[in-house]
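Structure data follow from run-v4.txt (compact mmCIF, C-alpha atoms and all ligand atoms):
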```
# COMPACT_ATOMS: atom_id res chain seq x y z
CA MET A 1 0.00 0.00 0.00
CA SER A 2 1.41 3.43 -0.94
CA ALA A 3 1.77 6.24 1.63
CA PRO A 4 -1.17 8.29 0.23
CA GLU A 5 -3.36 5.16 0.29
CA ILE A 6 -2.48 4.51 3.94
CA GLN A 7 -3.32 8.14 4.66
CA ARG A 8 -6.75 7.71 3.04
CA HIS A 9 -7.50 4.60 5.09
CA ASN A 10 -6.50 6.51 8.24
CA GLU A 11 -8.67 9.44 7.27
CA LEU A 12 -11.64 7.12 6.74
CA PHE A 13 -10.91 5.43 10.07
CA GLU A 14 -10.98 8.78 11.84
CA LYS A 15 -14.19 9.94 10.15
CA ALA A 16 -16.28 6.79 10.05
CA PHE A 17 -14.92 3.81 11.98
CA SER A 18 -16.59 4.54 15.32
CA LYS A 19 -19.90 5.16 13.49
CA THR A 20 -19.68 1.89 11.55
CA ASN A 21 -19.11 0.14 14.89
CA LEU A 22 -22.56 1.20 16.04
CA CYS A 23 -24.11 -1.21 13.53
CA ILE A 24 -25.21 -4.43 15.22
CA GLN A 25 -25.75 -6.19 11.88
CA CYS A 26 -29.41 -6.91 12.71
CA GLY A 27 -30.59 -6.37 9.12
CA TYR A 28 -33.71 -4.37 10.07
CA CYS A 29 -32.69 -1.82 7.44
CA LEU A 30 -32.64 -4.33 4.59
CA PRO A 31 -36.35 -4.27 3.65
CA ALA A 32 -36.28 -0.45 3.64
CA CYS A 33 -33.41 -0.24 1.16
CA PRO A 34 -34.49 0.15 -2.49
CA THR A 35 -31.15 -0.93 -3.93
CA TYR A 36 -31.13 -4.08 -1.81
CA GLN A 37 -34.68 -4.79 -2.98
CA SER A 38 -33.77 -4.35 -6.63
CA MET A 39 -30.26 -5.88 -6.65
CA GLY A 40 -30.61 -8.42 -3.87
CA THR A 41 -26.95 -8.54 -2.85
CA GLU A 42 -25.48 -7.84 0.56
CA THR A 43 -23.12 -5.21 -0.88
CA ALA A 44 -26.18 -3.34 -2.22
CA SER A 45 -27.62 -3.15 1.31
CA PRO A 46 -26.99 -0.60 4.07
CA ARG A 47 -25.52 -3.30 6.34
CA GLY A 48 -23.20 -4.48 3.58
CA ARG A 49 -22.09 -0.97 2.71
CA ILE A 50 -21.39 -0.15 6.36
CA ASN A 51 -19.30 -3.29 6.58
CA LEU A 52 -17.31 -2.33 3.51
CA VAL A 53 -16.59 1.13 4.92
CA LYS A 54 -15.52 -0.48 8.19
CA MET A 55 -13.16 -2.89 6.45
CA ALA A 56 -11.73 -0.12 4.26
CA ALA A 57 -11.17 2.03 7.36
CA GLU A 58 -9.28 -0.87 8.92
CA GLY A 59 -7.17 -1.20 5.77
CA LYS A 60 -8.51 -4.70 5.05
CA ILE A 61 -9.93 -3.84 1.61
CA ASP A 62 -9.14 -1.34 -1.09
CA VAL A 63 -11.11 1.92 -1.22
CA THR A 64 -11.32 2.16 -5.00
CA LYS A 65 -11.46 -1.51 -6.01
CA ASP A 66 -13.74 -2.87 -3.28
CA MET A 67 -15.69 -0.04 -1.64
CA ALA A 68 -16.29 2.58 -4.36
CA GLY A 69 -18.70 0.53 -6.55
CA PRO A 70 -21.25 -0.41 -3.86
CA ILE A 71 -21.09 3.09 -2.35
CA ASP A 72 -21.63 4.64 -5.76
CA LEU A 73 -24.77 2.54 -6.24
CA CYS A 74 -26.33 3.84 -3.02
CA LEU A 75 -29.15 6.29 -3.67
CA GLY A 76 -28.49 8.25 -0.51
CA CYS A 77 -32.21 8.11 0.28
CA ARG A 78 -31.51 7.51 4.00
CA ALA A 79 -34.50 5.17 4.42
CA CYS A 80 -32.10 2.85 6.29
CA GLU A 81 -31.56 5.51 8.96
CA ILE A 82 -35.26 5.65 9.72
CA ALA A 83 -35.50 1.85 9.89
CA CYS A 84 -32.44 1.37 12.10
CA PRO A 85 -33.31 0.54 15.73
CA VAL A 86 -29.97 1.78 17.08
CA ASN A 87 -29.72 5.02 15.07
CA VAL A 88 -26.63 4.29 13.01
CA PRO A 89 -25.83 7.62 11.27
CA TYR A 90 -25.67 6.08 7.81
CA GLY A 91 -25.68 9.48 6.06
CA GLN A 92 -22.49 10.52 7.84
CA ILE A 93 -20.81 7.20 7.04
CA LEU A 94 -21.81 7.55 3.39
CA GLU A 95 -20.54 11.12 3.24
CA ALA A 96 -17.16 10.15 4.69
CA ALA A 97 -16.84 7.22 2.27
CA LYS A 98 -17.68 9.41 -0.71
CA GLU A 99 -15.17 12.03 0.31
CA ILE A 100 -12.37 9.45 0.55
CA ILE A 101 -13.36 7.82 -2.76
CA GLN A 102 -13.34 11.22 -4.43
CA LYS A 103 -9.79 11.86 -3.18
CA GLU A 104 -8.51 8.38 -3.99
CA LYS A 105 -9.94 7.41 -7.35
CA PRO A 106 -7.98 8.04 -10.54
CA LYS A 107 -9.58 10.94 -12.35
CA LYS A 108 -11.18 10.23 -15.72
CA THR A 109 -12.23 12.91 -18.21
CA LYS A 110 -15.88 12.30 -17.22
CA ASP A 111 -15.05 12.96 -13.55
CA HIS A 112 -13.26 16.18 -14.44
CA PHE A 113 -16.29 17.30 -16.39
CA VAL A 114 -18.68 16.52 -13.51
CA HIS A 115 -16.30 18.25 -11.08
CA LEU A 116 -16.13 21.34 -13.27
CA LEU A 117 -19.88 21.42 -13.78
CA LEU A 118 -20.59 21.16 -10.06
CA THR A 119 -17.93 23.53 -8.81
CA LYS A 120 -18.09 26.18 -11.51
CA GLY A 121 -21.48 25.69 -13.18
CA PHE A 122 -23.90 24.98 -10.33
CA THR A 123 -22.35 27.62 -8.11
CA ASN A 124 -22.89 30.28 -10.72
CA PRO A 125 -26.50 31.51 -11.07
CA LYS A 126 -25.61 33.36 -14.30
CA PHE A 127 -24.44 30.11 -15.90
CA LEU A 128 -27.54 28.23 -14.77
CA ASN A 129 -29.84 31.00 -15.90
CA LEU A 130 -28.14 30.88 -19.29
CA ILE A 131 -28.94 27.15 -19.48
CA GLY A 132 -32.54 27.92 -18.42
CA ASP A 133 -32.82 30.66 -21.08
CA ALA A 134 -31.39 28.35 -23.73
CA THR A 135 -33.89 25.63 -22.78
CA TRP A 136 -36.77 28.13 -22.98
CA LEU A 137 -35.60 29.18 -26.46
CA TYR A 138 -35.13 25.55 -27.50
CA GLN A 139 -38.69 24.71 -26.45
CA LYS A 140 -40.20 27.92 -27.81
CA SER A 141 -38.56 27.53 -31.22
CA GLY A 142 -40.06 24.05 -31.58
CA LEU A 143 -36.61 22.50 -31.95
CA ASN A 144 -37.48 20.15 -29.08
CA LYS A 145 -40.29 18.62 -31.14
CA LEU A 146 -37.92 17.97 -34.02
CA VAL A 147 -35.33 16.42 -31.69
CA GLN A 148 -38.00 14.20 -30.12
CA LYS A 149 -39.38 13.17 -33.50
CA THR A 150 -36.01 12.16 -34.88
CA ASN A 151 -34.82 10.61 -31.60
CA ALA A 152 -31.54 12.40 -32.32
CA ILE A 153 -30.67 12.87 -28.67
CA ASN A 154 -30.91 9.13 -27.99
CA LEU A 155 -27.89 8.73 -30.19
CA VAL A 156 -25.91 10.87 -27.75
CA ALA A 157 -27.19 9.15 -24.60
CA LYS A 158 -30.42 7.26 -23.97
CA PRO A 159 -31.08 8.70 -20.49
CA LEU A 160 -30.70 12.22 -21.84
CA GLY A 161 -33.29 11.47 -24.49
CA PHE A 162 -35.80 10.33 -21.90
CA PHE A 163 -35.22 13.36 -19.72
CA GLU A 164 -35.32 15.83 -22.55
CA LYS A 165 -38.85 14.59 -23.24
CA ILE A 166 -40.13 15.16 -19.72
CA LEU A 167 -38.57 18.57 -19.04
CA PRO A 168 -41.52 20.79 -18.10
CA PRO A 169 -42.09 23.86 -20.24
CA VAL A 170 -39.65 26.49 -19.01
CA GLN A 171 -41.33 29.83 -18.31
CA LYS A 172 -40.08 33.02 -19.96
CA PRO A 173 -36.75 34.20 -18.46
CA SER A 174 -38.46 37.52 -17.59
CA LYS A 175 -40.76 35.61 -15.18
CA ARG A 176 -37.81 34.37 -13.13
CA THR A 177 -38.12 35.37 -9.46
CA LYS A 178 -36.31 38.66 -8.89
CA ARG A 179 -33.62 38.44 -6.26
CA GLY A 180 -32.97 41.07 -3.64
CA GLU A 181 -36.67 41.89 -3.43
CA TRP A 182 -39.50 41.59 -0.93
CA TYR A 183 -42.78 40.01 -1.97
CA LYS A 184 -45.30 41.34 0.51
CA THR A 185 -48.50 39.71 1.59
CA GLU A 186 -51.75 41.60 0.97
CA ARG A 187 -53.16 40.17 4.18
CA GLU A 188 -52.25 40.98 7.72
CA CYS A 189 -48.55 40.05 7.97
CA LYS A 190 -48.01 37.07 10.27
CA GLY A 191 -44.29 36.67 9.69
CA LYS A 192 -41.26 37.22 7.47
CA VAL A 193 -39.47 34.48 5.58
CA ALA A 194 -36.37 34.34 3.40
CA PHE A 195 -36.77 32.10 0.35
CA PHE A 196 -34.04 29.72 -0.80
CA VAL A 197 -34.79 29.48 -4.52
CA GLY A 198 -32.54 26.52 -5.44
CA CYS A 199 -30.21 26.70 -8.42
CA VAL A 200 -31.83 24.28 -10.87
CA THR A 201 -35.37 25.22 -9.81
CA ASP A 202 -34.61 28.90 -10.23
CA ALA A 203 -33.11 28.39 -13.68
CA MET A 204 -35.48 25.83 -15.18
CA MET A 205 -38.61 25.56 -13.03
CA HIS A 206 -39.17 29.10 -11.81
CA GLU A 207 -42.93 28.74 -12.08
CA THR A 208 -42.74 26.52 -8.98
CA ASN A 209 -40.77 29.25 -7.18
CA ASN A 210 -43.31 31.90 -8.17
CA ASN A 211 -46.08 29.63 -6.94
CA THR A 212 -44.27 29.09 -3.64
CA ILE A 213 -44.13 32.85 -3.10
CA LYS A 214 -47.80 33.18 -4.00
CA LEU A 215 -48.84 30.53 -1.48
CA LEU A 216 -46.70 32.02 1.28
CA ASN A 217 -48.18 35.46 0.61
CA THR A 218 -51.66 33.93 0.64
CA VAL A 219 -51.23 32.62 4.17
CA GLY A 220 -49.94 36.01 5.35
CA LEU A 221 -46.16 35.77 5.08
CA ASP A 222 -43.81 38.38 3.60
CA VAL A 223 -41.16 36.75 1.42
CA PHE A 224 -37.63 38.03 0.80
CA ILE A 225 -35.22 36.57 -1.74
CA PRO A 226 -31.60 37.22 -0.69
CA GLU A 227 -29.72 38.26 -3.81
CA LYS A 228 -26.39 36.49 -3.44
CA GLN A 229 -27.63 33.09 -2.30
CA LYS A 230 -25.66 30.12 -3.59
CA CYS A 231 -26.31 26.50 -4.48
CA CYS A 232 -27.07 24.55 -1.28
CA GLY A 233 -24.21 22.12 -2.00
CA ALA A 234 -26.28 18.90 -2.05
CA LEU A 235 -25.01 17.74 -5.43
CA HIS A 236 -21.44 18.51 -4.36
CA ALA A 237 -21.93 16.47 -1.17
CA HIS A 238 -23.35 13.54 -3.20
CA GLN A 239 -20.17 13.54 -5.26
CA GLY A 240 -17.93 13.61 -2.17
CA LEU A 241 -16.81 17.21 -2.71
CA LEU A 242 -17.02 18.10 0.95
CA SER A 243 -14.78 21.14 1.09
CA GLU A 244 -16.74 22.73 -1.80
CA THR A 245 -19.99 21.92 0.07
CA LYS A 246 -18.68 23.65 3.17
CA GLU A 247 -17.65 26.73 1.20
CA LEU A 248 -21.14 27.02 -0.28
CA ALA A 249 -22.73 26.54 3.13
CA LYS A 250 -20.62 29.32 4.60
CA GLU A 251 -21.52 31.70 1.76
CA ASN A 252 -25.21 30.96 2.33
CA LEU A 253 -24.83 31.51 6.08
CA ASP A 254 -23.42 34.95 5.34
CA VAL A 255 -26.10 35.81 2.81
CA PHE A 256 -29.14 34.67 4.80
CA LYS A 257 -29.26 36.92 7.80
CA THR A 258 -31.32 35.08 10.36
CA SER A 259 -32.15 38.08 12.53
CA GLY A 260 -35.52 39.63 11.66
CA ILE A 261 -36.42 36.54 9.65
CA ASP A 262 -38.73 33.92 11.12
CA TYR A 263 -37.95 31.13 8.65
CA ILE A 264 -35.72 30.21 5.75
CA VAL A 265 -38.10 28.45 3.41
CA ASN A 266 -37.58 26.17 0.42
CA SER A 267 -39.76 24.06 -1.85
CA ALA A 268 -37.19 21.48 -2.91
CA GLY A 269 -36.82 18.49 -0.56
CA GLY A 270 -33.25 17.77 -1.67
CA CYS A 271 -32.01 21.33 -1.11
CA GLY A 272 -33.98 21.58 2.12
CA ALA A 273 -32.23 18.50 3.52
CA MET A 274 -28.83 20.03 2.84
CA LEU A 275 -29.83 23.31 4.51
CA HIS A 276 -31.21 21.31 7.43
CA GLU A 277 -27.84 19.58 7.78
CA TYR A 278 -25.56 22.65 7.69
CA ARG A 279 -25.33 22.28 11.48
CA GLU A 280 -23.79 18.78 11.14
CA LEU A 281 -21.68 19.83 8.19
CA LEU A 282 -20.02 22.65 10.16
CA HIS A 283 -20.22 21.19 13.65
CA ASP A 284 -16.42 20.99 13.97
CA GLU A 285 -15.77 24.58 12.91
CA PRO A 286 -16.30 26.69 16.06
CA GLU A 287 -16.54 30.03 14.25
CA TRP A 288 -19.40 28.73 12.05
CA GLN A 289 -21.14 26.32 14.40
CA GLN A 290 -23.54 28.80 15.98
CA LYS A 291 -24.53 30.46 12.71
CA ALA A 292 -25.12 27.05 11.13
CA GLU A 293 -27.21 25.93 14.10
CA ALA A 294 -29.41 29.06 13.86
CA PHE A 295 -29.71 28.69 10.09
CA SER A 296 -30.68 25.00 10.16
CA LYS A 297 -33.17 25.60 12.94
CA LYS A 298 -35.01 28.17 10.83
CA SER A 299 -34.79 26.20 7.61
CA VAL A 300 -38.15 24.72 6.74
CA ASP A 301 -40.14 23.19 3.88
CA VAL A 302 -42.94 25.31 2.45
CA SER A 303 -45.57 22.69 3.38
CA VAL A 304 -44.80 23.16 7.08
CA LEU A 305 -45.54 26.89 6.86
CA LEU A 306 -48.67 26.40 4.77
CA VAL A 307 -50.07 24.12 7.46
CA LYS A 308 -48.92 26.35 10.32
CA TYR A 309 -50.27 29.61 8.85
CA GLY A 310 -53.10 28.13 6.71
CA PRO A 311 -55.71 27.04 5.86
CA LEU A 312 -55.44 27.92 2.20
CA PRO A 313 -58.51 29.66 0.77
CA PHE A 314 -59.39 27.07 -1.89
CA LYS A 315 -61.67 28.35 -4.64
CA ARG A 316 -61.87 25.21 -6.77
CA GLU A 317 -62.46 21.53 -6.32
CA TRP A 318 -60.23 18.78 -7.61
CA ASN A 319 -61.94 15.79 -9.06
CA GLY A 320 -59.87 12.68 -9.08
CA ILE A 321 -57.57 10.50 -7.06
CA ILE A 322 -54.33 12.00 -5.81
CA THR A 323 -51.40 9.97 -4.53
CA TYR A 324 -48.19 11.27 -3.01
CA GLN A 325 -44.58 10.35 -3.71
CA PRO A 326 -42.63 11.95 -0.87
CA SER A 327 -39.11 13.23 -1.38
CA CYS A 328 -36.80 10.97 0.69
CA HIS A 329 -34.82 13.98 1.75
CA LEU A 330 -37.94 15.70 2.98
CA SER A 331 -39.20 12.68 4.94
CA ASN A 332 -36.05 10.87 6.02
CA VAL A 333 -33.72 13.80 6.63
CA GLN A 334 -36.04 16.70 7.52
CA GLY A 335 -38.68 14.50 9.14
CA VAL A 336 -41.53 16.22 7.27
CA THR A 337 -44.07 13.50 6.48
CA GLU A 338 -47.50 14.71 7.58
CA GLU A 339 -47.79 18.28 6.31
CA PRO A 340 -47.78 17.57 2.54
CA ARG A 341 -50.35 14.79 3.09
CA GLN A 342 -52.43 17.08 5.29
CA LEU A 343 -52.48 19.71 2.52
CA LEU A 344 -53.50 17.14 -0.09
CA ARG A 345 -56.26 15.77 2.13
CA SER A 346 -57.58 19.32 2.65
CA ILE A 347 -58.23 19.88 -1.09
CA PRO A 348 -61.98 20.04 -1.64
CA GLY A 349 -63.26 17.18 -3.77
CA ALA A 350 -59.94 15.33 -3.92
CA ASN A 351 -59.68 11.69 -3.01
CA PHE A 352 -56.23 11.15 -1.47
CA ILE A 353 -55.00 7.56 -1.61
CA GLU A 354 -51.71 6.43 -0.13
CA MET A 355 -49.77 4.12 -2.43
CA LYS A 356 -48.06 0.94 -1.23
CA ASP A 357 -44.50 1.62 -0.04
CA SER A 358 -44.99 5.32 -0.69
CA ASP A 359 -41.98 6.13 1.46
CA SER A 360 -39.61 4.12 -0.65
CA CYS A 361 -37.32 6.11 -2.96
CA CYS A 362 -38.28 6.77 -6.60
CA ALA A 363 -34.58 6.43 -7.54
CA SER A 364 -34.12 9.98 -8.72
CA GLY A 365 -31.30 10.52 -6.19
CA GLY A 366 -29.76 13.82 -7.38
CA ILE A 367 -28.16 12.72 -10.66
CA TYR A 368 -28.33 8.98 -9.83
CA ASN A 369 -30.97 8.43 -12.54
CA LEU A 370 -28.60 9.83 -15.15
CA ILE A 371 -25.45 8.09 -13.93
CA HIS A 372 -27.10 4.73 -13.12
CA TYR A 373 -29.97 4.80 -15.54
CA GLU A 374 -30.66 1.05 -15.69
CA GLU A 375 -30.59 0.49 -11.90
CA SER A 376 -32.74 3.57 -11.38
CA SER A 377 -35.24 2.35 -13.99
CA LYS A 378 -35.80 -0.97 -12.18
CA ILE A 379 -36.71 0.83 -8.95
CA LEU A 380 -38.86 3.33 -10.82
CA ALA A 381 -40.78 0.54 -12.58
CA SER A 382 -41.95 -0.96 -9.29
CA LYS A 383 -42.78 2.52 -7.96
CA MET A 384 -45.00 3.16 -10.98
CA GLU A 385 -46.79 -0.15 -10.41
CA ASN A 386 -47.69 1.08 -6.93
CA VAL A 387 -48.85 4.42 -8.35
CA LYS A 388 -51.08 2.67 -10.90
CA ASN A 389 -52.58 0.40 -8.27
CA THR A 390 -54.04 3.42 -6.47
CA GLU A 391 -55.83 4.34 -9.73
CA ALA A 392 -54.58 7.87 -9.17
CA THR A 393 -55.07 10.48 -11.83
CA THR A 394 -52.39 12.71 -10.30
CA VAL A 395 -49.16 11.92 -8.51
CA VAL A 396 -47.77 14.75 -6.41
CA THR A 397 -44.22 15.23 -5.12
CA SER A 398 -42.32 17.85 -3.13
CA ASN A 399 -39.01 18.01 -4.94
CA PRO A 400 -38.12 19.01 -8.52
CA GLY A 401 -35.85 15.94 -8.98
CA CYS A 402 -38.60 13.54 -7.87
CA LEU A 403 -41.07 15.38 -10.10
CA LEU A 404 -38.93 14.81 -13.19
CA GLN A 405 -38.49 11.18 -12.20
CA MET A 406 -42.26 10.75 -11.79
CA LYS A 407 -42.84 12.37 -15.20
CA HIS A 408 -40.30 9.98 -16.66
CA GLY A 409 -41.96 7.06 -14.88
CA ALA A 410 -45.39 8.03 -16.22
CA ASP A 411 -43.97 8.38 -19.71
CA LYS A 412 -42.07 5.09 -19.62
CA PHE A 413 -44.14 2.76 -17.47
CA ALA A 414 -47.68 4.16 -17.48
CA LYS A 415 -48.26 5.21 -21.08
CA ASP A 416 -51.52 3.25 -21.31
CA TYR A 417 -52.70 4.75 -18.07
CA LYS A 418 -52.38 8.55 -18.40
CA ILE A 419 -51.36 10.01 -15.10
CA GLU A 420 -50.58 13.63 -14.39
CA THR A 421 -47.63 14.70 -12.28
CA SER A 422 -47.33 17.85 -10.22
CA HIS A 423 -45.21 19.55 -7.62
CA LEU A 424 -47.31 20.10 -4.51
CA VAL A 425 -47.16 23.90 -4.69
CA ASP A 426 -48.09 23.97 -8.39
CA LEU A 427 -51.20 21.92 -7.68
CA LEU A 428 -52.21 24.05 -4.70
CA VAL A 429 -51.85 27.32 -6.62
CA LYS A 430 -54.20 26.06 -9.35
CA LEU A 431 -56.88 25.63 -6.70
CA ILE A 432 -56.67 29.00 -4.97
CA ASP A 433 -56.62 31.15 -8.15
S1 LIG A 501 -29.35 5.37 1.69
FE1 LIG A 501 -31.08 4.32 0.67
S2 LIG A 501 -30.10 3.18 -1.01
FE2 LIG A 501 -28.46 3.78 0.38
S3 LIG A 501 -28.20 2.07 1.76
FE3 LIG A 501 -29.65 3.45 2.79
S4 LIG A 501 -31.67 2.76 2.17
FE4 LIG A 501 -30.19 1.79 0.76
S1 LIG A 502 -27.67 -0.19 10.01
FE1 LIG A 502 -29.02 -0.41 11.77
S2 LIG A 502 -30.73 -1.65 11.00
FE2 LIG A 502 -29.05 -1.89 9.51
S3 LIG A 502 -27.98 -3.72 10.19
FE3 LIG A 502 -26.96 -1.98 11.14
S4 LIG A 502 -27.94 -1.77 13.14
FE4 LIG A 502 -29.27 -3.07 11.91
```

Let me see the structure of the file written as structure tokens.
Amino acid sequence: MSAPEIQRHNELFEKAFSKTNLCIQCGYCLPACPTYQSMGTETASPRGRINLVKMAAEGKIDVTKDMAGPIDLCLGCRACEIACPVNVPYGQILEAAKEIIQKEKPKKTKDHFVHLLLTKGFTNPKFLNLIGDATWLYQKSGLNKLVQKTNAINLVAKPLGFFEKILPPVQKPSKRTKRGEWYKTERECKGKVAFFVGCVTDAMMHETNNNTIKLLNTVGLDVFIPEKQKCCGALHAHQGLLSETKELAKENLDVFKTSGIDYIVNSAGGCGAMLHEYRELLHDEPEWQQKAEAFSKKSVDVSVLLVKYGPLPFKREWNGIITYQPSCHLSNVQGVTEEPRQLLRSIPGANFIEMKDSDSCCASGGIYNLIHYEESSKILASKMENVKNTEATTVVTSNPGCLLQMKHGADKFAKDYKIETSHLVDLLVKLID
């Protein structure tokens, strides 16, 4: 073993060994794990992955050859954490493993590209807005129809072809939420919130952001959008780029002033989970610890505030069956399970039906569905079976990534069935207008 390799094993030992030791190997987490369900091997299970990290930390196996593959195939959905009777912090073990893999593995051109995209592209709102503008133009010009007709994009990469088809219509760039501005409620003001707009949502799905503001205003909350907010860092953390994640977190802590603000709100489960975990991310940096604690404490999903300050003044009824695919990061990391369901149940005329295994991951997993398209598809296929069995006409989610995955699922596995997909806030806005 070379000196740098020994150093990596030591680093992993320091970061994760004591946590892996908490696992009593009971296997309670196995039925909750979607990759174990679809792949059926011990190394695709939480228990197996924890074991691999433990052995790598002890220097018994190689980080790249033996540990990286199974870790890479983990969705990061954290369902195992909820199922675990002894509270093994799987997310922290996963994070440590990813960080070490990222440092250890030989860099391929593809990795450099992903690294560049995450560190330079996703941290730059101007770049992302440019992509959003280009997509709007692409759709508006009708070029998308031609591309879909000729299947040209499938020649580049099949997953891209599928996702190009399900990209929702991007609203005009001029409708993008203006940063640095207050959006005031017309009702009696019950509180002030700062809105975390999310980088991809802000660039490509700004209608959802506008709808979030509208709903918050409707329940009596003033909304402010801090101008210099950055990407939350979730995608960076998924790729093991921990120092970049910390830098982004610190910039956001500086930008979002918590005094005078009651909540920091978001409408993307994945981003929300990262914001919720800034306190753990920076727990060993004394000068940031307190700020991070205050920030995470105030960070909240929009559904929580809509329930707290609601009810919403519905003007329309919804005829049909609605089912709900929760975002794993909203349920498993932020612990928000009831509020979105409560809002759906409160819709006049709607028949809310819970699908079987609703809490199991849809296999969107950040960019997992693009990187591991086939594995993701198997999990999505069984999810769509559960959706169909409810006879739902609409499936609702609380995260842009899950929404795209549901659209893809409907397009690929429920063609004969015709099911609509919607982000929770988009559906709610339709009913109060
Ligand atoms: S995070 Fe999800 S996919 Fe990964 S081991 Fe846990 S349950 Fe399985
Ligand atoms: S992670 Fe928890 S549930 Fe899974 S085997 Fe270990 S102790 Fe049991």

Residues at most 8 Å from ligand LIG 501 (chain A), using all atoms listed in the file? Could they come as a compact mmCIF listing (two decimals) with C-alpha atoms, in the frame of the given file?
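Result file out.txt:
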```txt
# COMPACT_ATOMS: atom_id res chain seq x y z
CA CYS A 29 -32.69 -1.82 7.44
CA LEU A 30 -32.64 -4.33 4.59
CA ALA A 32 -36.28 -0.45 3.64
CA CYS A 33 -33.41 -0.24 1.16
CA PRO A 34 -34.49 0.15 -2.49
CA THR A 35 -31.15 -0.93 -3.93
CA TYR A 36 -31.13 -4.08 -1.81
CA ALA A 44 -26.18 -3.34 -2.22
CA SER A 45 -27.62 -3.15 1.31
CA PRO A 46 -26.99 -0.60 4.07
CA ARG A 47 -25.52 -3.30 6.34
CA ARG A 49 -22.09 -0.97 2.71
CA ILE A 71 -21.09 3.09 -2.35
CA LEU A 73 -24.77 2.54 -6.24
CA CYS A 74 -26.33 3.84 -3.02
CA LEU A 75 -29.15 6.29 -3.67
CA GLY A 76 -28.49 8.25 -0.51
CA CYS A 77 -32.21 8.11 0.28
CA ARG A 78 -31.51 7.51 4.00
CA ALA A 79 -34.50 5.17 4.42
CA CYS A 80 -32.10 2.85 6.29
CA GLU A 81 -31.56 5.51 8.96
CA TYR A 90 -25.67 6.08 7.81
CA GLY A 91 -25.68 9.48 6.06
CA CYS A 361 -37.32 6.11 -2.96
```

Measuring between all atoms listed in the file, which one of A:Val302, A:Cys231, A:Ala381, A:Met39 shows the shortest distance to A:Thr208?
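Nearest candidate to A:Thr208 out of A:Val302, A:Cys231, A:Ala381, A:Met39: A:Val302.
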
Selected residue of minimal separation from A:Cys199 among A:Asn124, A:Asn217, A:Ser358, A:Asn399, counting only C-alpha atoms
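Among the listed residues, A:Asn124 lies closest to A:Cys199.
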
Within 7 Å of A:Phe314 using only C-alpha atoms, minus same-chain residues under 2 positions, as a list in words:
Leu312, Arg316, Leu431 and Ile432 of chain A

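Nearest to ligand LIG 502 (chain A) of all the residues A:Ser346, A:Thr20, A:Gln290, A:Asn209 is A:Thr20, based on only C-alpha atoms and all ligand atoms.
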
What's the 9 Å shell around A:Ser422, counting all atoms listed in the file, without same-chain residues fewer than 5 positions away, as a short mmCIF file (atom, residue, chain, number, x, y, z; two decimals) with C-alpha atoms, in the frame of the given file?
```
data_model
loop_
_atom_site.label_atom_id
_atom_site.label_comp_id
_atom_site.auth_asym_id
_atom_site.auth_seq_id
_atom_site.Cartn_x
_atom_site.Cartn_y
_atom_site.Cartn_z
CA THR A 394 -52.39 12.71 -10.30
CA VAL A 395 -49.16 11.92 -8.51
CA VAL A 396 -47.77 14.75 -6.41
CA THR A 397 -44.22 15.23 -5.12
CA SER A 398 -42.32 17.85 -3.13
CA LEU A 403 -41.07 15.38 -10.10
CA MET A 406 -42.26 10.75 -11.79
CA LYS A 407 -42.84 12.37 -15.20
CA LEU A 427 -51.20 21.92 -7.68
#
```

What is the distance between atom CA of A:Pro286 and atom CA of A:Val197, in Å to one decimal?
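Atom CA of A:Val197 lies 27.8 Å from atom CA of A:Pro286.
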
Using all atoms listed in the file, which of the listed residues (A:Ala292, A:Ile225, A:Leu22, A:Leu242) sits closest to ligand LIG 502 (chain A)?
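Once distances to ligand LIG 502 (chain A) are computed over all atoms listed in the file, the minimum belongs to A:Leu22.
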